[in-house]
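Engineer: Input file: work.cif. Contents: mmCIF, C-alpha atoms.
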```cif
data_entry
loop_
_atom_site.group_PDB
_atom_site.id
_atom_site.type_symbol
_atom_site.label_atom_id
_atom_site.label_comp_id
_atom_site.auth_asym_id
_atom_site.auth_seq_id
_atom_site.Cartn_x
_atom_site.Cartn_y
_atom_site.Cartn_z
ATOM 1 C CA MET C 19 21.117 -93.660 180.117
ATOM 2 C CA GLY C 20 24.206 -91.500 179.972
ATOM 3 C CA ILE C 21 27.933 -92.068 179.667
ATOM 4 C CA GLY C 22 30.006 -90.212 182.210
ATOM 5 C CA THR C 23 33.769 -89.784 182.283
ATOM 6 C CA GLU C 24 35.655 -89.844 185.559
ATOM 7 C CA THR C 25 39.153 -89.007 186.693
ATOM 8 C CA ASP C 26 38.226 -88.704 190.369
ATOM 9 C CA GLY C 27 34.527 -88.433 191.172
ATOM 10 C CA SER C 28 32.915 -87.255 187.942
ATOM 11 C CA ILE C 29 30.700 -90.338 187.595
ATOM 12 C CA ILE C 30 30.162 -91.153 191.264
ATOM 13 C CA CYS C 31 29.482 -87.615 192.530
ATOM 14 C CA PRO C 32 26.912 -86.370 189.975
ATOM 15 C CA SER C 33 25.198 -89.751 189.936
ATOM 16 C CA SER C 34 24.788 -89.845 193.692
ATOM 17 C CA ILE C 35 23.599 -86.246 194.110
ATOM 18 C CA CYS C 36 21.095 -86.695 191.266
ATOM 19 C CA GLY C 37 19.637 -89.945 192.589
ATOM 20 C CA LEU C 38 21.199 -92.107 189.870
ATOM 21 C CA VAL C 39 23.153 -95.315 189.673
ATOM 22 C CA GLY C 40 26.702 -94.603 188.525
ATOM 23 C CA LEU C 41 29.475 -97.084 187.776
ATOM 24 C CA LYS C 42 33.130 -96.096 187.460
ATOM 25 C CA PRO C 43 34.746 -99.169 185.896
ATOM 26 C CA THR C 44 38.259 -100.499 186.350
ATOM 27 C CA VAL C 45 40.594 -98.320 184.295
ATOM 28 C CA GLY C 46 41.154 -100.188 181.026
ATOM 29 C CA LEU C 47 37.813 -102.004 180.891
ATOM 30 C CA VAL C 48 36.282 -99.269 178.683
ATOM 31 C CA SER C 49 38.143 -97.409 175.937
ATOM 32 C CA ARG C 50 38.984 -93.727 176.409
ATOM 33 C CA ALA C 51 39.562 -93.121 172.690
ATOM 34 C CA GLY C 52 38.077 -89.744 171.760
ATOM 35 C CA ILE C 53 37.730 -88.527 175.347
ATOM 36 C CA VAL C 54 39.647 -85.317 176.102
ATOM 37 C CA PRO C 55 42.234 -86.643 178.586
ATOM 38 C CA ILE C 56 43.150 -85.598 182.092
ATOM 39 C CA SER C 57 44.929 -88.677 183.456
ATOM 40 C CA ALA C 58 46.082 -91.781 181.601
ATOM 41 C CA THR C 59 46.111 -93.758 184.854
ATOM 42 C CA GLN C 60 42.733 -92.622 186.212
ATOM 43 C CA ASP C 61 40.460 -91.630 183.300
ATOM 44 C CA THR C 62 37.602 -93.941 182.406
ATOM 45 C CA ALA C 63 34.090 -93.856 180.990
ATOM 46 C CA GLY C 64 31.103 -95.521 182.611
ATOM 47 C CA PRO C 65 27.302 -95.656 182.769
ATOM 48 C CA MET C 66 24.992 -93.262 184.629
ATOM 49 C CA THR C 67 21.486 -94.734 184.739
ATOM 50 C CA ARG C 68 18.212 -94.952 186.637
ATOM 51 C CA THR C 69 18.719 -98.558 187.743
ATOM 52 C CA VAL C 70 21.482 -101.078 188.358
ATOM 53 C CA THR C 71 20.063 -103.229 185.566
ATOM 54 C CA ASP C 72 20.460 -100.384 183.101
ATOM 55 C CA ALA C 73 24.066 -99.857 184.249
ATOM 56 C CA ALA C 74 24.812 -103.549 183.697
ATOM 57 C CA VAL C 75 23.300 -103.440 180.209
ATOM 58 C CA VAL C 76 25.364 -100.391 179.233
ATOM 59 C CA LEU C 77 28.609 -101.784 180.648
ATOM 60 C CA GLN C 78 28.068 -105.068 178.817
ATOM 61 C CA VAL C 79 28.013 -103.100 175.566
ATOM 62 C CA ILE C 80 30.788 -100.533 176.071
ATOM 63 C CA ARG C 81 33.520 -102.708 177.618
ATOM 64 C CA GLY C 82 36.248 -104.227 175.493
ATOM 65 C CA SER C 83 39.711 -103.832 174.014
ATOM 66 C CA ASP C 84 40.459 -100.997 171.600
ATOM 67 C CA ALA C 85 43.673 -100.637 169.601
ATOM 68 C CA ARG C 86 43.431 -96.872 170.116
ATOM 69 C CA ASP C 87 43.754 -97.252 173.913
ATOM 70 C CA ALA C 88 46.669 -99.368 175.151
ATOM 71 C CA ALA C 89 45.176 -99.544 178.657
ATOM 72 C CA THR C 90 42.369 -101.786 177.353
ATOM 73 C CA VAL C 91 44.630 -104.677 176.335
ATOM 74 C CA GLY C 92 43.378 -106.730 179.292
ATOM 75 C CA ALA C 93 39.692 -106.023 178.654
ATOM 76 C CA ALA C 94 39.386 -108.813 176.087
ATOM 77 C CA SER C 95 39.848 -111.387 178.852
ATOM 78 C CA GLN C 96 37.000 -109.936 180.927
ATOM 79 C CA THR C 97 33.970 -112.008 179.986
ATOM 80 C CA ASP C 98 31.725 -111.678 183.037
ATOM 81 C CA ASP C 99 27.999 -111.632 182.299
ATOM 82 C CA TYR C 100 26.932 -108.540 184.185
ATOM 83 C CA LEU C 101 23.233 -109.223 183.769
ATOM 84 C CA ALA C 102 23.588 -112.741 185.152
ATOM 85 C CA ALA C 103 25.196 -111.222 188.268
ATOM 86 C CA LEU C 104 22.006 -109.317 189.112
ATOM 87 C CA ARG C 105 20.489 -111.565 191.761
ATOM 88 C CA ALA C 106 18.149 -110.374 194.487
ATOM 89 C CA ASP C 107 19.997 -112.627 196.972
ATOM 90 C CA ALA C 108 23.509 -111.465 196.001
ATOM 91 C CA LEU C 109 24.114 -109.967 199.467
ATOM 92 C CA SER C 110 23.509 -113.300 201.204
ATOM 93 C CA GLY C 111 26.890 -114.538 202.416
ATOM 94 C CA ALA C 112 28.767 -111.489 201.147
ATOM 95 C CA ARG C 113 31.458 -109.900 203.291
ATOM 96 C CA ILE C 114 31.153 -106.118 203.355
ATOM 97 C CA GLY C 115 33.691 -103.776 204.963
ATOM 98 C CA VAL C 116 32.527 -100.439 206.365
ATOM 99 C CA SER C 117 35.025 -97.632 205.827
ATOM 100 C CA ARG C 118 34.024 -95.256 208.627
ATOM 101 C CA ASN C 119 36.939 -92.990 207.741
ATOM 102 C CA MET C 120 35.172 -92.274 204.450
ATOM 103 C CA ALA C 121 31.976 -91.132 206.191
ATOM 104 C CA GLY C 122 31.186 -88.285 208.585
ATOM 105 C CA PHE C 123 30.086 -85.727 205.996
ATOM 106 C CA HIS C 124 26.885 -84.798 207.836
ATOM 107 C CA PRO C 125 24.912 -86.293 210.779
ATOM 108 C CA ALA C 126 21.899 -87.013 208.571
ATOM 109 C CA VAL C 127 24.124 -88.784 206.043
ATOM 110 C CA ASP C 128 25.644 -90.937 208.776
ATOM 111 C CA ALA C 129 22.155 -91.848 210.030
ATOM 112 C CA ALA C 130 21.097 -92.879 206.519
ATOM 113 C CA PHE C 131 24.343 -94.842 206.123
ATOM 114 C CA ASN C 132 23.689 -96.770 209.334
ATOM 115 C CA GLN C 133 20.206 -97.641 208.099
ATOM 116 C CA ALA C 134 21.724 -98.874 204.841
ATOM 117 C CA LEU C 135 24.095 -101.096 206.797
ATOM 118 C CA ASP C 136 21.086 -102.606 208.580
ATOM 119 C CA VAL C 137 19.638 -103.418 205.146
ATOM 120 C CA LEU C 138 22.872 -105.188 204.175
ATOM 121 C CA ARG C 139 22.799 -107.214 207.386
ATOM 122 C CA GLY C 140 19.123 -108.019 206.915
ATOM 123 C CA ALA C 141 19.890 -109.313 203.417
ATOM 124 C CA GLY C 142 22.382 -111.814 204.830
ATOM 125 C CA ALA C 143 25.679 -109.975 204.464
ATOM 126 C CA THR C 144 28.435 -110.176 207.048
ATOM 127 C CA VAL C 145 29.225 -106.525 207.804
ATOM 128 C CA ILE C 146 32.687 -105.792 209.226
ATOM 129 C CA ASP C 147 32.343 -102.452 211.001
ATOM 130 C CA PRO C 148 34.663 -100.629 211.135
ATOM 131 C CA CYS C 149 36.872 -101.777 208.299
ATOM 132 C CA ASN C 150 38.684 -98.605 207.379
ATOM 133 C CA VAL C 151 40.800 -98.170 204.287
ATOM 134 C CA PRO C 152 44.038 -97.369 206.151
ATOM 135 C CA THR C 153 45.631 -95.060 203.584
ATOM 136 C CA VAL C 154 42.744 -92.667 202.842
ATOM 137 C CA GLY C 155 44.089 -89.197 202.043
ATOM 138 C CA LYS C 156 47.760 -90.192 202.184
ATOM 139 C CA TYR C 157 47.981 -90.179 198.379
ATOM 140 C CA ASP C 158 46.323 -86.787 197.795
ATOM 141 C CA ALA C 159 49.464 -84.736 197.087
ATOM 142 C CA ASP C 160 50.947 -87.436 194.874
ATOM 143 C CA GLU C 161 47.682 -87.820 192.973
ATOM 144 C CA PHE C 162 47.735 -84.104 192.177
ATOM 145 C CA THR C 163 51.333 -84.315 190.941
ATOM 146 C CA VAL C 164 50.443 -87.281 188.723
ATOM 147 C CA LEU C 165 47.412 -85.482 187.296
ATOM 148 C CA LEU C 166 49.448 -82.383 186.400
ATOM 149 C CA TYR C 167 52.058 -84.424 184.510
ATOM 150 C CA GLU C 168 49.530 -86.666 182.778
ATOM 151 C CA PHE C 169 47.246 -83.779 181.837
ATOM 152 C CA LYS C 170 50.055 -81.964 180.033
ATOM 153 C CA ASP C 171 51.232 -85.110 178.258
ATOM 154 C CA GLY C 172 47.758 -86.375 177.401
ATOM 155 C CA LEU C 173 46.295 -83.076 176.261
ATOM 156 C CA ASN C 174 49.257 -82.272 174.018
ATOM 157 C CA ALA C 175 48.951 -85.709 172.404
ATOM 158 C CA TYR C 176 45.195 -85.328 172.011
ATOM 159 C CA LEU C 177 45.418 -81.887 170.393
ATOM 160 C CA ALA C 178 48.173 -83.087 168.054
ATOM 161 C CA SER C 179 45.973 -86.006 166.985
ATOM 162 C CA ARG C 180 43.148 -83.664 165.975
ATOM 163 C CA GLY C 181 45.015 -82.345 162.953
ATOM 164 C CA ASP C 182 43.306 -79.513 161.107
ATOM 165 C CA THR C 183 40.117 -79.846 163.185
ATOM 166 C CA VAL C 184 41.633 -77.617 165.891
ATOM 167 C CA ALA C 185 43.437 -74.303 165.672
ATOM 168 C CA TYR C 186 45.413 -74.742 168.900
ATOM 169 C CA ARG C 187 47.773 -77.730 169.073
ATOM 170 C CA THR C 188 49.392 -77.553 172.524
ATOM 171 C CA LEU C 189 48.697 -76.584 176.118
ATOM 172 C CA ASP C 190 51.030 -73.625 175.500
ATOM 173 C CA ASP C 191 48.691 -72.480 172.715
ATOM 174 C CA LEU C 192 45.638 -72.709 174.982
ATOM 175 C CA ILE C 193 47.305 -70.734 177.764
ATOM 176 C CA ALA C 194 48.335 -68.019 175.309
ATOM 177 C CA TYR C 195 44.816 -67.846 173.866
ATOM 178 C CA ASN C 196 43.201 -67.593 177.301
ATOM 179 C CA THR C 197 45.640 -64.863 178.336
ATOM 180 C CA ALA C 198 44.939 -62.877 175.172
ATOM 181 C CA HIS C 199 41.169 -63.223 175.655
ATOM 182 C CA ALA C 200 41.044 -63.183 179.455
ATOM 183 C CA ALA C 201 37.939 -61.005 179.764
ATOM 184 C CA ALA C 202 35.869 -63.484 177.748
ATOM 185 C CA GLU C 203 37.541 -66.765 178.707
ATOM 186 C CA MET C 204 38.310 -66.162 182.398
ATOM 187 C CA PRO C 205 35.805 -63.665 183.817
ATOM 188 C CA TRP C 206 35.647 -65.403 187.210
ATOM 189 C CA PHE C 207 38.345 -68.060 187.372
ATOM 190 C CA ALA C 208 41.976 -68.169 186.250
ATOM 191 C CA GLN C 209 43.951 -70.919 184.484
ATOM 192 C CA GLU C 210 46.363 -71.792 187.288
ATOM 193 C CA LEU C 211 45.927 -75.550 186.741
ATOM 194 C CA PHE C 212 46.839 -75.177 183.057
ATOM 195 C CA GLU C 213 49.925 -73.203 184.073
ATOM 196 C CA GLN C 214 50.951 -75.650 186.829
ATOM 197 C CA ALA C 215 50.608 -78.584 184.435
ATOM 198 C CA ASN C 216 52.514 -76.814 181.696
ATOM 199 C CA ALA C 217 55.440 -76.225 184.047
ATOM 200 C CA LYS C 218 55.897 -79.992 184.502
ATOM 201 C CA GLY C 219 58.331 -82.038 182.443
ATOM 202 C CA ALA C 220 58.033 -85.411 180.724
ATOM 203 C CA LEU C 221 56.589 -88.634 182.127
ATOM 204 C CA THR C 222 60.168 -89.839 182.552
ATOM 205 C CA ASP C 223 60.790 -87.257 185.302
ATOM 206 C CA THR C 224 61.668 -88.763 188.691
ATOM 207 C CA GLU C 225 59.064 -86.551 190.389
ATOM 208 C CA TYR C 226 56.333 -88.159 188.260
ATOM 209 C CA THR C 227 57.494 -91.768 188.437
ATOM 210 C CA GLN C 228 57.934 -91.631 192.204
ATOM 211 C CA ALA C 229 54.556 -89.937 192.751
ATOM 212 C CA LEU C 230 52.824 -92.558 190.599
ATOM 213 C CA ALA C 231 54.578 -95.395 192.448
ATOM 214 C CA ARG C 232 53.458 -93.971 195.803
ATOM 215 C CA CYS C 233 49.877 -93.646 194.514
ATOM 216 C CA ARG C 234 49.867 -97.294 193.488
ATOM 217 C CA THR C 235 51.390 -98.471 196.763
ATOM 218 C CA LEU C 236 49.083 -96.425 198.999
ATOM 219 C CA SER C 237 45.811 -96.993 197.135
ATOM 220 C CA ARG C 238 46.393 -100.622 196.142
ATOM 221 C CA ASP C 239 49.146 -102.549 197.963
ATOM 222 C CA GLU C 240 48.723 -100.914 201.381
ATOM 223 C CA GLY C 241 45.128 -99.778 200.777
ATOM 224 C CA LEU C 242 42.329 -101.696 199.088
ATOM 225 C CA ASP C 243 44.287 -104.850 198.203
ATOM 226 C CA ALA C 244 45.536 -105.275 201.771
ATOM 227 C CA LEU C 245 42.120 -104.637 203.271
ATOM 228 C CA PHE C 246 40.295 -107.030 200.936
ATOM 229 C CA ARG C 247 42.865 -109.739 201.556
ATOM 230 C CA GLU C 248 42.898 -109.356 205.355
ATOM 231 C CA HIS C 249 39.111 -109.419 205.759
ATOM 232 C CA ARG C 250 38.222 -111.551 202.700
ATOM 233 C CA LEU C 251 35.917 -108.801 201.449
ATOM 234 C CA ASP C 252 33.542 -108.670 198.522
ATOM 235 C CA ALA C 253 33.240 -104.878 198.735
ATOM 236 C CA VAL C 254 33.902 -101.824 200.882
ATOM 237 C CA VAL C 255 30.969 -99.469 201.434
ATOM 238 C CA ALA C 256 30.773 -95.803 202.361
ATOM 239 C CA PRO C 257 28.389 -92.915 201.700
ATOM 240 C CA SER C 258 28.980 -91.670 198.148
ATOM 241 C CA ASN C 259 28.481 -88.031 199.042
ATOM 242 C CA GLY C 260 27.220 -85.388 201.400
ATOM 243 C CA PRO C 261 24.037 -83.504 200.512
ATOM 244 C CA SER C 262 24.257 -81.466 197.302
ATOM 245 C CA TRP C 263 25.270 -77.855 197.653
ATOM 246 C CA VAL C 264 24.689 -74.405 196.223
ATOM 247 C CA THR C 265 27.272 -73.182 193.701
ATOM 248 C CA ASP C 266 27.679 -69.533 192.790
ATOM 249 C CA TRP C 267 29.899 -67.580 190.414
ATOM 250 C CA ILE C 268 31.660 -65.627 193.161
ATOM 251 C CA ASN C 269 32.459 -68.252 195.817
ATOM 252 C CA GLY C 270 32.350 -71.393 193.676
ATOM 253 C CA ASP C 271 31.598 -74.787 195.192
ATOM 254 C CA LYS C 272 30.922 -75.525 198.862
ATOM 255 C CA TYR C 273 31.722 -79.222 198.496
ATOM 256 C CA SER C 274 30.052 -81.380 201.143
ATOM 257 C CA GLY C 275 32.241 -84.481 200.885
ATOM 258 C CA GLY C 276 32.675 -87.667 198.871
ATOM 259 C CA ASN C 277 34.709 -90.858 198.762
ATOM 260 C CA SER C 278 35.678 -91.340 195.104
ATOM 261 C CA SER C 279 39.438 -90.893 195.492
ATOM 262 C CA VAL C 280 40.630 -94.279 196.736
ATOM 263 C CA ALA C 281 39.042 -96.179 193.819
ATOM 264 C CA ALA C 282 40.042 -93.437 191.378
ATOM 265 C CA VAL C 283 43.719 -93.429 192.384
ATOM 266 C CA ALA C 284 43.824 -97.241 192.408
ATOM 267 C CA GLY C 285 42.059 -97.460 189.048
ATOM 268 C CA TYR C 286 39.514 -99.807 190.644
ATOM 269 C CA PRO C 287 35.720 -99.976 190.184
ATOM 270 C CA SER C 288 33.151 -98.128 192.272
ATOM 271 C CA LEU C 289 29.358 -98.286 192.090
ATOM 272 C CA THR C 290 26.959 -95.774 193.646
ATOM 273 C CA VAL C 291 23.321 -96.727 194.235
ATOM 274 C CA PRO C 292 20.597 -94.438 195.657
ATOM 275 C CA MET C 293 20.624 -94.812 199.452
ATOM 276 C CA ALA C 294 18.306 -92.184 200.974
ATOM 277 C CA TYR C 295 17.078 -88.595 200.792
ATOM 278 C CA VAL C 296 17.904 -85.780 203.212
ATOM 279 C CA SER C 297 15.539 -82.791 202.951
ATOM 280 C CA GLY C 298 14.712 -84.003 199.462
ATOM 281 C CA LEU C 299 18.376 -84.247 198.445
ATOM 282 C CA PRO C 300 19.566 -87.659 197.168
ATOM 283 C CA LEU C 301 22.359 -89.621 198.807
ATOM 284 C CA GLY C 302 24.218 -92.601 197.365
ATOM 285 C CA LEU C 303 25.814 -95.717 198.814
ATOM 286 C CA SER C 304 29.154 -96.675 197.233
ATOM 287 C CA PHE C 305 30.276 -100.267 196.727
ATOM 288 C CA ILE C 306 34.048 -100.266 196.050
ATOM 289 C CA GLY C 307 35.957 -103.277 194.751
ATOM 290 C CA THR C 308 39.311 -104.409 193.399
ATOM 291 C CA ALA C 309 40.293 -104.729 189.741
ATOM 292 C CA TYR C 310 37.655 -106.130 187.379
ATOM 293 C CA THR C 311 35.080 -106.959 190.085
ATOM 294 C CA GLU C 312 32.295 -105.043 188.344
ATOM 295 C CA ALA C 313 30.015 -108.086 188.191
ATOM 296 C CA ARG C 314 30.248 -108.603 191.934
ATOM 297 C CA LEU C 315 29.615 -104.920 192.685
ATOM 298 C CA LEU C 316 26.643 -104.801 190.332
ATOM 299 C CA GLY C 317 25.164 -107.868 192.015
ATOM 300 C CA LEU C 318 25.552 -106.363 195.482
ATOM 301 C CA GLY C 319 24.163 -103.020 194.336
ATOM 302 C CA TYR C 320 21.231 -104.713 192.637
ATOM 303 C CA ALA C 321 20.336 -106.666 195.799
ATOM 304 C CA PHE C 322 20.489 -103.444 197.850
ATOM 305 C CA GLU C 323 18.386 -101.617 195.267
ATOM 306 C CA GLN C 324 15.721 -104.331 195.276
ATOM 307 C CA LYS C 325 15.555 -104.295 199.080
ATOM 308 C CA THR C 326 15.228 -100.527 199.351
ATOM 309 C CA ARG C 327 13.809 -99.099 196.083
ATOM 310 C CA VAL C 328 14.888 -95.650 197.228
ATOM 311 C CA ARG C 329 15.026 -93.785 193.949
ATOM 312 C CA LYS C 330 12.265 -91.315 193.104
ATOM 313 C CA ALA C 331 11.770 -89.484 189.827
ATOM 314 C CA PRO C 332 13.162 -85.945 190.088
ATOM 315 C CA THR C 333 10.974 -82.916 190.591
ATOM 316 C CA PHE C 334 11.732 -79.331 189.611
ATOM 317 C CA ARG C 335 12.101 -77.082 192.628
ATOM 318 C CA ARG C 336 11.587 -73.336 192.669
ATOM 319 C CA THR C 337 14.766 -71.460 191.713
ATOM 320 C CA LEU C 338 16.546 -69.833 194.650
ATOM 321 C CA ALA C 339 16.449 -66.064 194.644
#
```
Represent the structure from my file as structure tokens, please.

Structural biologist:
Amino acid sequence: MGIGTETDGSIICPSSICGLVGLKPTVGLVSRAGIVPISATQDTAGPMTRTVTDAAVVLQVIRGSDARDAATVGAASQTDDYLAALRADALSGARIGVSRNMAGFHPAVDAAFNQALDVLRGAGATVIDPCNVPTVGKYDADEFTVLLYEFKDGLNAYLASRGDTVAYRTLDDLIAYNTAHAAAEMPWFAQELFEQANAKGALTDTEYTQALARCRTLSRDEGLDALFREHRLDAVVAPSNGPSWVTDWINGDKYSGGNSSVAAVAGYPSLTVPMAYVSGLPLGLSFIGTAYTEARLLGLGYAFEQKTRVRKAPTFRRTLA
């Protein structure tokens, strides 16, 4: 097992492209104490495992309130038994929405996704297709603004809390160090995100509070909450990712697509389960829910996993020249 940390995609994406189960919990279910922060409203830790059962076991252990993380105050009231939710018939009678506007990464991915939907139907689920999340992408600019503000605030607080264990106590200090040692620290990439964040003000700024309010409205009130209420859903599904890609030091990533943002911005849970392979490359199926519905998502993911048993142990391919 592993523990991943996600702000937007960093559990779901690597899990899916490595053929793993990954669970991004509701923000506040798992403490972030000790994690270098990016976003107070989106950061969380969660399990990355071989099976849904393993993910449930890990989540059962790591959830809970922590005085060091104010966001976890509500976690004490979450007493679901995640292992008890793992039923092979959990899809029977479930209502699953298909967010087609979070697919379309690649024709082979769409074909695998359609086959996965047939599995859900065959297991007794009612599949509402399409059932698009209506606000996808509308929060992107505001999410970025929120992350810049929260990164500056959170990182400065984190570095200050480290006392004599660190030599650099602020984002200003880090920027100055990187500039002074640019050849070693930034041989290929610059620190423009550090600089953009550092230019922001306090979390009381109107720009921040309005951007955060729009994120909440678009991802929750007019997004997932509205969709789940209208269609009486248990989960929304979409492909977790496109096929994995080659990364190089000159051109960087050639990202092939993913759907982590709506759950990340909302602070809601998302579970990826191995779905298929394309040319040997793993693909995941995401089950997205509303706040604190991890038990339901784990049950649905477990039933899908038991029906398909897609995951294969990894092999080591020849290195590309």

Engineer: Do you have the CA of Leu77 (chain C)-CA of Gly40 (chain C) distance handy?

Structural biologist: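 Atom-to-atom, CA of Leu77 (chain C) to CA of Gly40 (chain C), that is 10.8 Å.
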
Engineer: Within 7 Å of Gly302 (chain C), counting all atoms listed in the file, which residues qualify if same-chain residues fewer than 3 places away don't, as a count of residues only?

Structural biologist: 9

Engineer: Determine, counting all atoms listed in the file, which protein, DNA and RNA residues have an atom within 10 Å of an atom of Cys233 (chain C); residues of the same chain fewer than 3 positions away are not included. Present the result as an NGL selection string.

Structural biologist: :C and (156-161 or 164 or 227-230 or 236-239 or 241 or 280 or 283-284)

Engineer: I'd like to know which of C:Tyr286, C:Ser274, C:Arg335, C:Asp223 is closest to Ile35 (chain C), using only C-alpha atoms.

Structural biologist: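 Once distances to Ile35 (chain C) are computed over only C-alpha atoms, the minimum belongs to C:Ser274.
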
Engineer: Excluding region 304-308 of chain C and any residue of its chain fewer than 6 positions from it, enumerate the residues within 10 Å of it, using all atoms listed in the file, and give them as a PyMOL selection string.

Structural biologist: chain C and resi 30+34+39-44+114-116+238+242-243+246+251-259+276-278+280-281+284-293+314-316+318-319
